[in-house]
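What follows is one structure encoded as structure tokens, with my remarks underneath.
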There are 2 protein chains.
Amino acid sequence: MTDETPSRRTVRVELGPRSYDILIGSGLLAEAGREIAALLPKARLLIVADERVDDLHGAALRASLDRAGIGHATMRLPSGEPTKSFPHFEAVVDRILEERLERGDAVLAFGGGVIGDLAGFAAGVARRGMRFVQVPTSLLAQVDSSVGGKTGINSPRGKNLVGVFHQPALVLADTDVLETLSAREFAAGYAEVVKYGLIDRPDFFHWLEAKRGAIFAGGPERAEAIAASCQAKAEVVAGDEREDGNRALLNLGHTFGHALESVARYDAERLVHGEAVSIGMALAHRYSVRQGLCPGQDAERAVAHLRAAGLPTRIQEIPGSGFTLDALMSKIAQDKKVVRGALTFILTRGIGQSFVANNVDPAEITRFLEAELAA
Amino acid sequence: MTDETPSRRTVRVELGPRSYDILIGSGLLAEAGREIAALLPKARLLIVADERVDDLHGAALRASLDRAGIGHATMRLPSGEPTKSFPHFEAVVDRILEERLERGDAVLAFGGGVIGDLAGFAAGVARRGMRFVQVPTSLLAQVDSSVGGKTGINSPRGKNLVGVFHQPALVLADTDVLETLSAREFAAGYAEVVKYGLIDRPDFFHWLEAKRGAIFAGGPERAEAIAASCQAKAEVVAGDEREDGNRALLNLGHTFGHALESVARYDAERLVHGEAVSIGMALAHRYSVRQGLCPGQDAERAVAHLRAAGLPTRIQEIPGSGFTLDALMSKIAQDKKVVRGALTFILTRGIGQSFVANNVDPAEITRFLEAELAA
């Protein structure tokens, strides 16, 4: 549920004893201390911060905590995907223990998805599970990583292959901090917003088609789009916390997308996650058309909206080389969601009509990608 | 519940969708393949093995898996507490991914508590949670680590400070392998058996007083004592999976015990875990007497039984130096169960009448330990 205020919304993620609120809106950084003190009285915090985000917004966060009388220490980490690795994970866990945080204290993730995933994983294992507050500062993190409790790091063998499910106690998504994102970062986050429409909310997709300009310009529609995205993800997660069933729908575009990111060696100059998901969703739609599952015009409409948002929709748009059929198929076979050799993809019957396909034939995917790469 | 067969018992740990069976008895190693195939058809296994245990019993385990057509690989690790560390944890996670184990496959822990805790933690985080089978080979692991899903590693800052709750899918406790334990290892495991009586089962404690000889000699009473211990722990865990309440009772003797182990630098030549728990339980009983909570004769009876089993009950029995008041109090203050500076201890009102005391005054503990060290 979302409340009525145009610029401040609350989405409740219903997970029984692990339920929590996501607050979305303007000025939340300045109110972080008050909100955290209300929920976790007397908690001390370890702020795990992206150093770039900390330079821009750390002072405002700490001033708010100080006003609320909340003790805190800050651990700054480099921006970028390589931070989601074993050495940084061990360092964060060690710092939590060094600060002698107790079970009633909390770890606060201050940054985008990388920091949220890393700090959440560390909070999930230090003392076998500590409280965790997320202050996501990228659009991607606000609409995706902040909902559902997936945490983790990358392995040399693949992305997000190591982690736990650990739900936050509170998420504070301040829409003002999005003003400091680059246009490219904002668009990449928007790919995940579009995803919720394409999964199972055709009305939301149509609304996005109408409101895209306002959302990018920063009007009240922006908070509305973020809240609707969190709400959409929260409903899926509430029905399937551990990803045994329909939660897999959230992976629309992700099996292809992860393979693309992996082949691009997670080089953010070439490809960031949201861009990979955009191409992945376009591929999922075109593959669905090829299989006779989805009308061609629906796929075209989905792709057109992504393109209008400045997002790539074809493999060839990724700069640099390496995107051979063999490279892509090898990465797809290593996907976390592979069960007994059969491939699982999220396919679609049209705008907002996605479904989990558990027995996708690798040979069909191979032929499809061959055609895509030759086009 | 335990079934009727004298030498083969099943304890069901009731945890809703995470429920599992513990099979206890003679000859289970030879039946491991059949039991695992029945539960996890077509699963491939990574055996994470204590190299000493693997030398003694690995061939029997693998022959059983081969007979059942179960694919397997083995990763051998050094015996001893230092294996429960970040580098080995990372290595096991990496090996799981290298073997391309999928979600339907499983990690099998083959060894004592160290291997179970380490492999369980790795299984709990690889692909955000893989199936996990335990084949505990020490008495301590059979009656303690195999029930309840606590997994983890040590940190330089303290024991078991990093880990997750991750329940096994199956536990196979073969009582035959206990024949290869040293007398000292067997006695150390027996301390945890006695613990279940002292917590809340006075009848079980009286039965142990009568049957100790038979249990040590390896009669059917041994499987019965193990099953009763697993049952006792399973009932506590079922009521409090995440240790928010009464599960803390299982820590009887452990706050003192962990401090002793830490001061002894986890040097197994000086002190093993079960011995530390034995001394810890004796201290908890004597402290309870000193506080006027427990009749002196009950504490004497508890201590006498531990001594009769060949277990230490005083700090002075630990070889080597370092057991100063300051060293012990510093370790007690870093315990995982500390909440806002107040100490939590499990105290007792008599045999089988333990309770959680959340507001123990550190000054009282200091005076008590001073007296113990001077005695």
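Chain labels A, B, ... are given in the sequence in which chains occur in the structure tokens; within each chain residues are numbered consecutively from 1, and ligands are likewise numbered from 1 in the order shown.
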
Residue set, segment 114-330 of chain B restricted to alpha helix (DSSP H), as JSON, numbers by chain: {"B": [114, 115, 116, 117, 118, 119, 120, 121, 122, 123, 124, 125, 139, 140, 183, 184, 185, 186, 187, 188, 189, 190, 191, 192, 193, 194, 195, 196, 197, 198, 199, 200, 202, 203, 204, 205, 206, 207, 208, 209, 210, 211, 212, 213, 214, 215, 216, 217, 220, 221, 222, 223, 224, 225, 226, 227, 228, 229, 230, 231, 232, 233, 234, 235, 236, 237, 238, 239, 254, 255, 256, 257, 258, 259, 260, 261, 262, 263, 273, 274, 275, 276, 277, 278, 279, 280, 281, 282, 283, 284, 285, 286, 287, 288, 289, 290, 296, 297, 298, 299, 300, 301, 302, 303, 304, 305, 306, 307, 308, 325, 326, 327, 328, 329, 330]}

Counting only C-alpha atoms, which residues in chain A sit no more than 8 Å from chain B? For each one, give the nearest pair of atoms and the distance in Å, sorted by chain then residue number, as CSV.
```
residue,atom,partner,partner_atom,distance
A:Phe86,CA,B:Glu90,CA,7.5
A:Glu90,CA,B:Phe86,CA,7.5
A:Val93,CA,B:Val162,CA,7.8
A:Asp94,CA,B:Ser155,CA,7.6
A:Leu97,CA,B:Arg157,CA,6.9
A:Glu98,CA,B:Arg157,CA,7.3
A:Arg100,CA,B:Gln334,CA,7.5
A:Glu102,CA,B:Val339,CA,6.3
A:Arg103,CA,B:Val339,CA,6.8
A:Gly104,CA,B:Val339,CA,7.1
A:Gly124,CA,B:Val164,CA,7.2
A:Val125,CA,B:Gly163,CA,4.7
A:Ala126,CA,B:Val162,CA,4.7
A:Arg127,CA,B:Leu161,CA,4.8
A:Arg128,CA,B:Val164,CA,4.7
A:Gly129,CA,B:Val164,CA,7.0
A:Gly152,CA,B:Arg128,CA,7.8
A:Ser155,CA,B:Asp94,CA,7.6
A:Arg157,CA,B:Leu97,CA,6.9
A:Asn160,CA,B:Arg127,CA,7.5
A:Leu161,CA,B:Arg127,CA,4.7
A:Val162,CA,B:Ala126,CA,4.7
A:Gly163,CA,B:Val125,CA,4.7
A:Val164,CA,B:Arg128,CA,4.8
A:Phe165,CA,B:Arg128,CA,6.9
A:Gln334,CA,B:Arg100,CA,7.5
A:Lys336,CA,B:Arg127,CA,6.4
A:Lys337,CA,B:Arg103,CA,7.9
A:Val338,CA,B:Glu102,CA,7.0
A:Val339,CA,B:Glu102,CA,6.4
A:Arg340,CA,B:Glu102,CA,7.3
```

Given the selection you just returned, output its residues as a file containing N, CA, C and O atoms, formatted as a compact mmCIF listing (two decimals), in the first residue's frame.
```
# COMPACT_ATOMS: atom_id res chain seq x y z
N PHE A 86 34.95 -11.00 -1.96
CA PHE A 86 35.31 -11.62 -0.69
C PHE A 86 36.17 -10.73 0.20
O PHE A 86 35.89 -10.60 1.40
N GLU A 90 34.88 -9.63 3.90
CA GLU A 90 35.58 -9.96 5.15
C GLU A 90 35.91 -8.69 5.94
O GLU A 90 35.77 -8.65 7.17
N VAL A 93 32.68 -7.34 7.65
CA VAL A 93 32.34 -8.19 8.80
C VAL A 93 33.28 -7.89 9.97
O VAL A 93 32.85 -7.72 11.12
N ASP A 94 34.55 -7.79 9.65
CA ASP A 94 35.53 -7.54 10.71
C ASP A 94 35.30 -6.17 11.37
O ASP A 94 35.41 -6.04 12.60
N LEU A 97 32.48 -6.27 13.85
CA LEU A 97 32.89 -6.90 15.11
C LEU A 97 33.85 -5.99 15.87
O LEU A 97 33.78 -5.89 17.10
N GLU A 98 34.73 -5.31 15.14
CA GLU A 98 35.69 -4.39 15.77
C GLU A 98 34.94 -3.27 16.50
O GLU A 98 35.34 -2.84 17.59
N ARG A 100 32.31 -3.56 17.90
CA ARG A 100 31.54 -4.22 18.96
C ARG A 100 30.05 -3.91 18.87
O ARG A 100 29.38 -3.68 19.88
N GLU A 102 26.35 -4.72 18.80
CA GLU A 102 25.62 -5.81 19.42
C GLU A 102 24.37 -6.11 18.60
O GLU A 102 24.07 -5.42 17.64
N ARG A 103 23.61 -7.11 19.04
CA ARG A 103 22.46 -7.54 18.24
C ARG A 103 21.43 -6.43 18.07
O ARG A 103 20.72 -6.37 17.09
N GLY A 104 21.32 -5.51 19.02
CA GLY A 104 20.34 -4.43 18.91
C GLY A 104 20.82 -3.27 18.04
O GLY A 104 20.05 -2.35 17.76
N GLY A 124 24.08 -9.82 7.50
CA GLY A 124 23.38 -11.11 7.59
C GLY A 124 24.19 -12.20 8.25
O GLY A 124 23.61 -13.19 8.73
N VAL A 125 25.51 -12.06 8.28
CA VAL A 125 26.35 -13.13 8.86
C VAL A 125 27.08 -12.71 10.13
O VAL A 125 27.48 -13.58 10.91
N ALA A 126 27.29 -11.41 10.36
CA ALA A 126 27.97 -10.99 11.59
C ALA A 126 27.05 -11.32 12.77
O ALA A 126 25.87 -10.96 12.76
N ARG A 127 27.59 -12.03 13.74
CA ARG A 127 26.77 -12.51 14.87
C ARG A 127 25.53 -13.26 14.40
O ARG A 127 24.48 -13.21 15.01
N ARG A 128 25.66 -13.93 13.26
CA ARG A 128 24.56 -14.68 12.61
C ARG A 128 23.33 -13.83 12.35
O ARG A 128 22.21 -14.31 12.38
N GLY A 129 23.56 -12.55 12.09
CA GLY A 129 22.43 -11.72 11.66
C GLY A 129 22.21 -10.50 12.52
O GLY A 129 21.77 -10.61 13.64
N GLY A 152 24.55 -10.12 -1.18
CA GLY A 152 25.59 -11.01 -1.64
C GLY A 152 26.75 -10.32 -2.33
O GLY A 152 26.79 -9.09 -2.44
N SER A 155 31.45 -13.84 -7.28
CA SER A 155 32.57 -14.78 -7.23
C SER A 155 33.28 -14.67 -8.56
O SER A 155 32.70 -14.23 -9.54
N ARG A 157 33.56 -16.85 -10.35
CA ARG A 157 32.78 -17.76 -11.22
C ARG A 157 31.43 -17.20 -11.64
O ARG A 157 30.71 -17.84 -12.39
N ASN A 160 26.82 -12.47 -8.05
CA ASN A 160 25.83 -12.75 -7.02
C ASN A 160 25.75 -14.23 -6.65
O ASN A 160 24.70 -14.70 -6.24
N LEU A 161 26.83 -14.95 -6.81
CA LEU A 161 26.78 -16.40 -6.53
C LEU A 161 26.94 -16.71 -5.05
O LEU A 161 26.79 -17.85 -4.64
N VAL A 162 27.25 -15.71 -4.23
CA VAL A 162 27.47 -15.95 -2.80
C VAL A 162 26.67 -14.91 -2.01
O VAL A 162 26.82 -13.71 -2.24
N GLY A 163 25.82 -15.36 -1.11
CA GLY A 163 25.04 -14.40 -0.34
C GLY A 163 23.98 -15.07 0.51
O GLY A 163 23.94 -16.29 0.63
N VAL A 164 23.14 -14.25 1.12
CA VAL A 164 22.04 -14.76 1.94
C VAL A 164 20.79 -13.91 1.68
O VAL A 164 20.88 -12.83 1.11
N PHE A 165 19.65 -14.41 2.11
CA PHE A 165 18.45 -13.59 2.19
C PHE A 165 18.47 -12.94 3.57
O PHE A 165 18.50 -13.63 4.58
N GLN A 334 26.02 -21.18 -16.77
CA GLN A 334 26.49 -21.09 -15.38
C GLN A 334 25.51 -20.29 -14.52
O GLN A 334 25.74 -20.07 -13.34
N LYS A 336 22.78 -19.03 -11.99
CA LYS A 336 22.33 -19.56 -10.69
C LYS A 336 21.01 -20.31 -10.82
O LYS A 336 20.68 -21.17 -10.02
N LYS A 337 20.21 -19.93 -11.82
CA LYS A 337 18.86 -20.46 -11.91
C LYS A 337 18.76 -21.73 -12.77
O LYS A 337 17.68 -22.25 -12.99
N VAL A 338 19.92 -22.22 -13.22
CA VAL A 338 19.93 -23.46 -13.98
C VAL A 338 19.54 -24.62 -13.07
O VAL A 338 20.04 -24.73 -11.96
N VAL A 339 18.62 -25.46 -13.49
CA VAL A 339 18.27 -26.66 -12.73
C VAL A 339 18.41 -27.86 -13.64
O VAL A 339 17.69 -28.01 -14.62
N ARG A 340 19.38 -28.73 -13.29
CA ARG A 340 19.61 -29.97 -14.04
C ARG A 340 19.75 -29.76 -15.55
O ARG A 340 19.14 -30.45 -16.34
```

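For Pro41 of chain B, the list of residues within 9 Å, based on only C-alpha atoms and with local chain neighbours fewer than 4 positions off taken out, reads Ile36, Ala37, Ile70 and Gly104 of chain B.
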
Could you save the residues just selected, with N, CA and C atoms, as a short mmCIF file (atom, residue, chain, number, x, y, z; two decimals), in the first residue's frame?
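What follows is the written file out-v6.cif:
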```cif
data_model
loop_
_atom_site.label_atom_id
_atom_site.label_comp_id
_atom_site.auth_asym_id
_atom_site.auth_seq_id
_atom_site.Cartn_x
_atom_site.Cartn_y
_atom_site.Cartn_z
N ILE B 36 20.45 -40.91 1.21
CA ILE B 36 20.55 -39.63 0.50
C ILE B 36 19.80 -39.69 -0.83
N ALA B 37 19.95 -40.82 -1.54
CA ALA B 37 19.27 -40.95 -2.83
C ALA B 37 17.75 -40.90 -2.65
N ILE B 70 25.35 -42.08 -6.76
CA ILE B 70 25.43 -40.65 -6.46
C ILE B 70 26.80 -40.10 -6.85
N GLY B 104 19.68 -28.15 -6.67
CA GLY B 104 19.19 -29.47 -6.25
C GLY B 104 20.28 -30.38 -5.72
#
```

Atomic distance atom CA of Glu224 of chain B - atom CA of Ala187 of chain B, expressed in Å with one decimal: 16.4 Å

Minimum-distance residue to Val360 of chain B, chosen among B:Ala284, B:Ile318, B:Ile115, B:Val133 (using only C-alpha atoms):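 Distance minimum relative to Val360 of chain B lands on B:Ala284.
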
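The spacing separating atom CA of Gln297 of chain B from atom CA of Phe345 of chain B amounts to 20.8 Å.
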
Contacts of Asp200 of chain B at 7 Å (only C-alpha atoms; same-chain gap of 4+ positions) as a PyMOL selection string: chain B and resi 196+352-354

Let me see the file: selected residues, N, CA and C atoms, as a compact mmCIF listing (two decimals), in the first residue's frame.
```
# COMPACT_ATOMS: atom_id res chain seq x y z
N TYR B 196 21.99 -31.40 28.48
CA TYR B 196 20.53 -31.48 28.26
C TYR B 196 19.81 -31.89 29.54
N GLY B 352 18.42 -29.67 36.36
CA GLY B 352 17.34 -29.61 35.38
C GLY B 352 16.42 -28.43 35.56
N GLN B 353 16.90 -27.37 36.19
CA GLN B 353 16.05 -26.19 36.40
C GLN B 353 16.79 -24.92 35.98
N SER B 354 17.35 -24.95 34.79
CA SER B 354 18.11 -23.79 34.31
C SER B 354 17.17 -22.71 33.80
```

10 Å contact set for Leu172 of chain A, only C-alpha atoms, chain neighbours under 4 positions out, as a ChimeraX atom specification: /A:10,21-25,28-29,31-32,35-36,110,133-137,142,146

Extract the full set of strand (DSSP E) residues from segment 117-312 of chain A according to DSSP on the backbone, and format it as a short mmCIF file (atom, residue, chain, number, x, y, z; two decimals) with all heavy atoms, in the first residue's frame.
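Saved result, result15.cif, follows:
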```
data_model
loop_
_atom_site.label_atom_id
_atom_site.label_comp_id
_atom_site.auth_asym_id
_atom_site.auth_seq_id
_atom_site.Cartn_x
_atom_site.Cartn_y
_atom_site.Cartn_z
N ARG A 131 20.73 -6.23 12.61
CA ARG A 131 19.78 -5.34 11.96
C ARG A 131 20.49 -4.57 10.85
O ARG A 131 21.68 -4.27 10.94
CB ARG A 131 19.25 -4.32 12.96
CG ARG A 131 18.78 -4.93 14.22
CD ARG A 131 17.32 -5.26 14.19
NE ARG A 131 16.87 -5.17 15.58
CZ ARG A 131 15.78 -4.52 15.93
NH1 ARG A 131 15.03 -3.93 15.03
NH2 ARG A 131 15.44 -4.47 17.20
N PHE A 132 19.69 -4.18 9.89
CA PHE A 132 20.24 -3.66 8.66
C PHE A 132 19.29 -2.57 8.16
O PHE A 132 18.09 -2.78 8.06
CB PHE A 132 20.35 -4.83 7.68
CG PHE A 132 20.71 -4.51 6.28
CD1 PHE A 132 21.73 -3.62 6.00
CD2 PHE A 132 20.04 -5.11 5.22
CE1 PHE A 132 22.07 -3.33 4.68
CE2 PHE A 132 20.37 -4.83 3.91
CZ PHE A 132 21.39 -3.94 3.65
N VAL A 133 19.81 -1.37 7.93
CA VAL A 133 19.03 -0.25 7.41
C VAL A 133 19.61 0.12 6.05
O VAL A 133 20.83 0.21 5.90
CB VAL A 133 19.09 0.97 8.36
CG1 VAL A 133 18.41 2.19 7.74
CG2 VAL A 133 18.46 0.63 9.71
N GLN A 134 18.75 0.34 5.08
CA GLN A 134 19.25 0.70 3.76
C GLN A 134 18.88 2.14 3.42
O GLN A 134 17.74 2.55 3.58
CB GLN A 134 18.65 -0.21 2.70
CG GLN A 134 19.41 -1.52 2.55
CD GLN A 134 18.89 -2.34 1.39
OE1 GLN A 134 17.83 -2.90 1.46
NE2 GLN A 134 19.67 -2.39 0.32
N VAL A 135 19.88 2.89 2.97
CA VAL A 135 19.63 4.23 2.43
C VAL A 135 20.15 4.19 0.99
O VAL A 135 21.28 4.59 0.70
CB VAL A 135 20.34 5.32 3.27
CG1 VAL A 135 20.03 6.71 2.71
CG2 VAL A 135 19.90 5.24 4.73
N PRO A 136 19.32 3.67 0.09
CA PRO A 136 19.76 3.50 -1.30
C PRO A 136 19.83 4.86 -2.00
O PRO A 136 18.92 5.67 -1.86
CB PRO A 136 18.67 2.62 -1.91
CG PRO A 136 17.45 2.86 -1.08
CD PRO A 136 17.95 3.16 0.31
N ILE A 153 27.67 -11.13 -2.75
CA ILE A 153 28.85 -10.67 -3.46
C ILE A 153 29.03 -11.50 -4.73
O ILE A 153 28.34 -12.51 -4.92
CB ILE A 153 30.13 -10.75 -2.58
CG1 ILE A 153 30.34 -12.18 -2.07
CG2 ILE A 153 30.04 -9.77 -1.41
CD1 ILE A 153 31.63 -12.39 -1.28
N ASN A 154 29.95 -11.07 -5.56
CA ASN A 154 30.28 -11.82 -6.76
C ASN A 154 31.40 -12.81 -6.48
O ASN A 154 32.17 -12.65 -5.53
CB ASN A 154 30.72 -10.87 -7.87
CG ASN A 154 29.66 -9.82 -8.16
OD1 ASN A 154 28.46 -10.11 -8.12
ND2 ASN A 154 30.09 -8.60 -8.43
N SER A 155 31.45 -13.84 -7.28
CA SER A 155 32.57 -14.78 -7.23
C SER A 155 33.28 -14.67 -8.56
O SER A 155 32.70 -14.23 -9.54
CB SER A 155 32.01 -16.19 -7.04
OG SER A 155 32.82 -17.15 -7.67
N GLY A 158 31.08 -16.02 -11.13
CA GLY A 158 29.81 -15.44 -11.57
C GLY A 158 29.29 -14.41 -10.59
O GLY A 158 29.74 -14.33 -9.45
N LYS A 159 28.31 -13.67 -11.06
CA LYS A 159 27.78 -12.56 -10.27
C LYS A 159 26.78 -13.06 -9.24
O LYS A 159 25.96 -13.94 -9.52
CB LYS A 159 27.10 -11.58 -11.24
CG LYS A 159 26.94 -10.21 -10.67
CD LYS A 159 26.45 -9.20 -11.70
CE LYS A 159 25.97 -7.97 -10.96
NZ LYS A 159 25.58 -6.90 -11.86
N ASN A 160 26.82 -12.47 -8.05
CA ASN A 160 25.83 -12.75 -7.02
C ASN A 160 25.75 -14.23 -6.65
O ASN A 160 24.70 -14.70 -6.24
CB ASN A 160 24.44 -12.27 -7.45
CG ASN A 160 24.37 -10.76 -7.57
OD1 ASN A 160 24.99 -10.05 -6.79
ND2 ASN A 160 23.63 -10.27 -8.53
N LEU A 161 26.83 -14.95 -6.81
CA LEU A 161 26.78 -16.40 -6.53
C LEU A 161 26.94 -16.71 -5.05
O LEU A 161 26.79 -17.85 -4.64
CB LEU A 161 27.84 -17.15 -7.34
CG LEU A 161 27.53 -17.31 -8.84
CD1 LEU A 161 28.68 -18.02 -9.56
CD2 LEU A 161 26.23 -18.10 -9.03
N VAL A 162 27.25 -15.71 -4.23
CA VAL A 162 27.47 -15.95 -2.80
C VAL A 162 26.67 -14.91 -2.01
O VAL A 162 26.82 -13.71 -2.24
CB VAL A 162 28.97 -15.80 -2.46
CG1 VAL A 162 29.23 -16.19 -1.01
CG2 VAL A 162 29.84 -16.62 -3.41
N LEU A 170 14.49 -1.33 7.78
CA LEU A 170 13.94 -0.06 7.30
C LEU A 170 14.70 0.33 6.04
O LEU A 170 15.91 0.10 5.94
CB LEU A 170 14.14 1.02 8.38
CG LEU A 170 13.72 2.46 8.05
CD1 LEU A 170 12.20 2.56 7.91
CD2 LEU A 170 14.21 3.42 9.14
N VAL A 171 13.99 0.94 5.09
CA VAL A 171 14.62 1.48 3.89
C VAL A 171 14.20 2.94 3.76
O VAL A 171 13.01 3.25 3.85
CB VAL A 171 14.21 0.71 2.62
CG1 VAL A 171 14.87 1.32 1.38
CG2 VAL A 171 14.58 -0.77 2.74
N LEU A 172 15.18 3.82 3.57
CA LEU A 172 14.90 5.24 3.38
C LEU A 172 15.38 5.63 1.99
O LEU A 172 16.59 5.72 1.75
CB LEU A 172 15.64 6.07 4.44
CG LEU A 172 15.30 5.74 5.89
CD1 LEU A 172 16.25 6.48 6.84
CD2 LEU A 172 13.85 6.09 6.20
N ALA A 173 14.44 5.86 1.08
CA ALA A 173 14.78 6.20 -0.30
C ALA A 173 14.52 7.68 -0.52
O ALA A 173 13.38 8.10 -0.76
CB ALA A 173 13.97 5.34 -1.27
N ASP A 174 15.57 8.48 -0.40
CA ASP A 174 15.46 9.93 -0.58
C ASP A 174 15.57 10.25 -2.06
O ASP A 174 16.61 10.02 -2.69
CB ASP A 174 16.58 10.62 0.22
CG ASP A 174 16.41 12.14 0.23
OD1 ASP A 174 15.87 12.69 -0.75
OD2 ASP A 174 16.83 12.77 1.21
#
```

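Atom pair atom CA of Ala214 of chain A / atom CA of Ile199 of chain A has a distance of 22.4 Å (rounded to one decimal).
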
Neighbour list for Leu250 of chain B as a PyMOL selection string, cut-off 8 Å, only C-alpha atoms, skip fewer than 2 positions in-chain: chain B and resi 195-196+199+233+247-248+252

Shell of 8 Å around Thr74 of chain A, only C-alpha atoms, local chain residues under 5 positions omitted, as a list in words: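 These residues fall inside the cut-off: Leu46, Ile47, Val48 and Ala49 of chain A.
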
Counting only C-alpha atoms, the residue of B:Gly274, B:Gly350, B:Gly320, B:Gly69 that sits nearest Arg286 of chain B: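 Once distances to Arg286 of chain B are computed over only C-alpha atoms, the minimum belongs to B:Gly350.
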
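Between Gln167 of chain B and the candidates B:Ala299, B:Leu271, B:Val13, B:Leu65, the tightest atom-to-atom separation, counting only C-alpha atoms, involves B:Val13.
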